Amino acid sequence: MKLYLSGPITGIPDYRDRFFQAEDYLRHLGPGVEVINPAAFSCMALWEWEDCILFDLKLLRGADSLVSLPGSANSKGARIEVDFARGMGIPVFDLCEVRAWVARLAPCEQVS
């Protein structure tokens, strides 16, 4: 299952730390969890903001779900990503909700 991380980047000095901590948390939820982390790319250093958001939306198209980080409601880019995900039928969860969602999709263990 592919989870796309969405959260504030512009104006947040430690955004990379926040995104990578969330990625690490999500990867440990179980086997088969793949995290699409836009902070792993050097987009902001190379392109204009508008080009970065278009790149991120292309990444988001391949996700099974969007995971919203704290502060997303105050981020123009994160709000665009959430609206896009909803428009594409991609489920949107905040970081606290995703753990329960992943647990529901995990295969049940056989009880002997």
# chains A, B, ... in the order shown; residues from 1 in each chain; ligands from 1
$ select_by_dssp --residues "chain A" --states "helix (DSSP H, G or I)" --output "PyMOL selection string"
chain A and resi 15-27+38-40+43-46+49-61+72-74+76-87+95-105
$ write_last_selection --atoms "C-alpha atoms" --output "PDB file, in the first residue's frame"
ATOM      1  CA  TYR A  15      10.051  20.330   7.310  1.00  0.00           C
ATOM      2  CA  ARG A  16      12.442  17.619   6.114  1.00  0.00           C
ATOM      3  CA  ASP A  17      12.848  16.294   9.679  1.00  0.00           C
ATOM      4  CA  ARG A  18       9.069  16.259  10.166  1.00  0.00           C
ATOM      5  CA  PHE A  19       8.439  14.428   6.901  1.00  0.00           C
ATOM      6  CA  PHE A  20      11.178  11.850   7.466  1.00  0.00           C
ATOM      7  CA  GLN A  21       9.992  11.161  11.039  1.00  0.00           C
ATOM      8  CA  ALA A  22       6.483  10.563   9.708  1.00  0.00           C
ATOM      9  CA  GLU A  23       7.857   8.340   6.935  1.00  0.00           C
ATOM     10  CA  ASP A  24       9.791   6.268   9.465  1.00  0.00           C
ATOM     11  CA  TYR A  25       6.673   5.881  11.629  1.00  0.00           C
ATOM     12  CA  LEU A  26       4.526   4.796   8.673  1.00  0.00           C
ATOM     13  CA  ARG A  27       7.092   2.307   7.339  1.00  0.00           C
ATOM     14  CA  PRO A  38       7.806  14.652  -1.364  1.00  0.00           C
ATOM     15  CA  ALA A  39      10.465  16.005   1.015  1.00  0.00           C
ATOM     16  CA  ALA A  40      12.824  13.327  -0.326  1.00  0.00           C
ATOM     17  CA  CYS A  43      12.169  20.196  -5.803  1.00  0.00           C
ATOM     18  CA  MET A  44      12.088  23.438  -3.824  1.00  0.00           C
ATOM     19  CA  ALA A  45      15.782  24.050  -4.453  1.00  0.00           C
ATOM     20  CA  LEU A  46      15.447  23.530  -8.194  1.00  0.00           C
ATOM     21  CA  TRP A  49       6.615  26.511  -6.250  1.00  0.00           C
ATOM     22  CA  GLU A  50       4.025  25.952  -8.989  1.00  0.00           C
ATOM     23  CA  ASP A  51       6.235  23.371 -10.711  1.00  0.00           C
ATOM     24  CA  CYS A  52       6.808  21.588  -7.405  1.00  0.00           C
ATOM     25  CA  ILE A  53       3.097  21.266  -6.636  1.00  0.00           C
ATOM     26  CA  LEU A  54       2.453  19.843 -10.113  1.00  0.00           C
ATOM     27  CA  PHE A  55       5.264  17.318  -9.565  1.00  0.00           C
ATOM     28  CA  ASP A  56       3.798  16.404  -6.176  1.00  0.00           C
ATOM     29  CA  LEU A  57       0.337  15.889  -7.655  1.00  0.00           C
ATOM     30  CA  LYS A  58       1.807  13.448 -10.169  1.00  0.00           C
ATOM     31  CA  LEU A  59       3.346  11.515  -7.272  1.00  0.00           C
ATOM     32  CA  LEU A  60       0.041  11.612  -5.406  1.00  0.00           C
ATOM     33  CA  ARG A  61      -1.825  10.045  -8.336  1.00  0.00           C
ATOM     34  CA  SER A  72      -1.610  20.977   6.795  1.00  0.00           C
ATOM     35  CA  ALA A  73      -4.747  23.086   7.164  1.00  0.00           C
ATOM     36  CA  ASN A  74      -2.560  26.205   7.096  1.00  0.00           C
ATOM     37  CA  LYS A  76      -1.683  26.179   0.541  1.00  0.00           C
ATOM     38  CA  GLY A  77       0.153  23.253  -1.070  1.00  0.00           C
ATOM     39  CA  ALA A  78      -1.159  20.676   1.417  1.00  0.00           C
ATOM     40  CA  ARG A  79      -4.719  21.931   0.923  1.00  0.00           C
ATOM     41  CA  ILE A  80      -4.301  21.579  -2.856  1.00  0.00           C
ATOM     42  CA  GLU A  81      -3.032  18.013  -2.370  1.00  0.00           C
ATOM     43  CA  VAL A  82      -5.963  17.111  -0.098  1.00  0.00           C
ATOM     44  CA  ASP A  83      -8.504  18.581  -2.527  1.00  0.00           C
ATOM     45  CA  PHE A  84      -6.849  16.747  -5.433  1.00  0.00           C
ATOM     46  CA  ALA A  85      -6.822  13.442  -3.525  1.00  0.00           C
ATOM     47  CA  ARG A  86     -10.491  13.756  -2.643  1.00  0.00           C
ATOM     48  CA  GLY A  87     -11.334  14.637  -6.235  1.00  0.00           C
ATOM     49  CA  LEU A  95      -1.329  10.881  10.735  1.00  0.00           C
ATOM     50  CA  CYS A  96      -3.225   9.704  13.837  1.00  0.00           C
ATOM     51  CA  GLU A  97      -5.974   7.994  11.818  1.00  0.00           C
ATOM     52  CA  VAL A  98      -3.766   6.063   9.415  1.00  0.00           C
ATOM     53  CA  ARG A  99      -2.636   3.477  11.947  1.00  0.00           C
ATOM     54  CA  ALA A 100      -6.190   2.187  12.385  1.00  0.00           C
ATOM     55  CA  TRP A 101      -6.776   2.223   8.620  1.00  0.00           C
ATOM     56  CA  VAL A 102      -3.659   0.139   7.915  1.00  0.00           C
ATOM     57  CA  ALA A 103      -4.585  -2.335  10.664  1.00  0.00           C
ATOM     58  CA  ARG A 104      -8.020  -2.887   9.076  1.00  0.00           C
ATOM     59  CA  LEU A 105      -6.434  -3.784   5.729  1.00  0.00           C
TER      60      LEU A 105
END
$ residues_around --residues "A:Leu66" --least-positions-apart "2" --cutoff "9 Å" --atoms "only C-alpha atoms" --output "PyMOL selection string"
chain A and resi 2-6+60+63-64+68+81-82+85+90-94
$ residues_around --residues "A:Ser75" --least-positions-apart "4" --cutoff "9 Å" --atoms "only C-alpha atoms" --output "PyMOL selection string"
chain A and resi 7-10+71+79-80
$ write_last_selection --atoms "C-alpha atoms" --output "PDB file, in the first residue's frame"
ATOM      1  CA  GLY A   7       2.128  18.702   4.938  1.00  0.00           C
ATOM      2  CA  PRO A   8       3.508  22.205   5.152  1.00  0.00           C
ATOM      3  CA  ILE A   9       6.899  22.788   3.549  1.00  0.00           C
ATOM      4  CA  THR A  10       7.181  26.455   2.593  1.00  0.00           C
ATOM      5  CA  GLY A  71      -0.218  22.021  10.175  1.00  0.00           C
ATOM      6  CA  ARG A  79      -4.719  21.931   0.923  1.00  0.00           C
ATOM      7  CA  ILE A  80      -4.301  21.579  -2.856  1.00  0.00           C
TER       8      ILE A  80
END
$ select_by_dssp --residues "chain A" --states "strand (DSSP E)" --output "NGL selection string"
:A and (2-6 or 34-36 or 65-68 or 92-94)
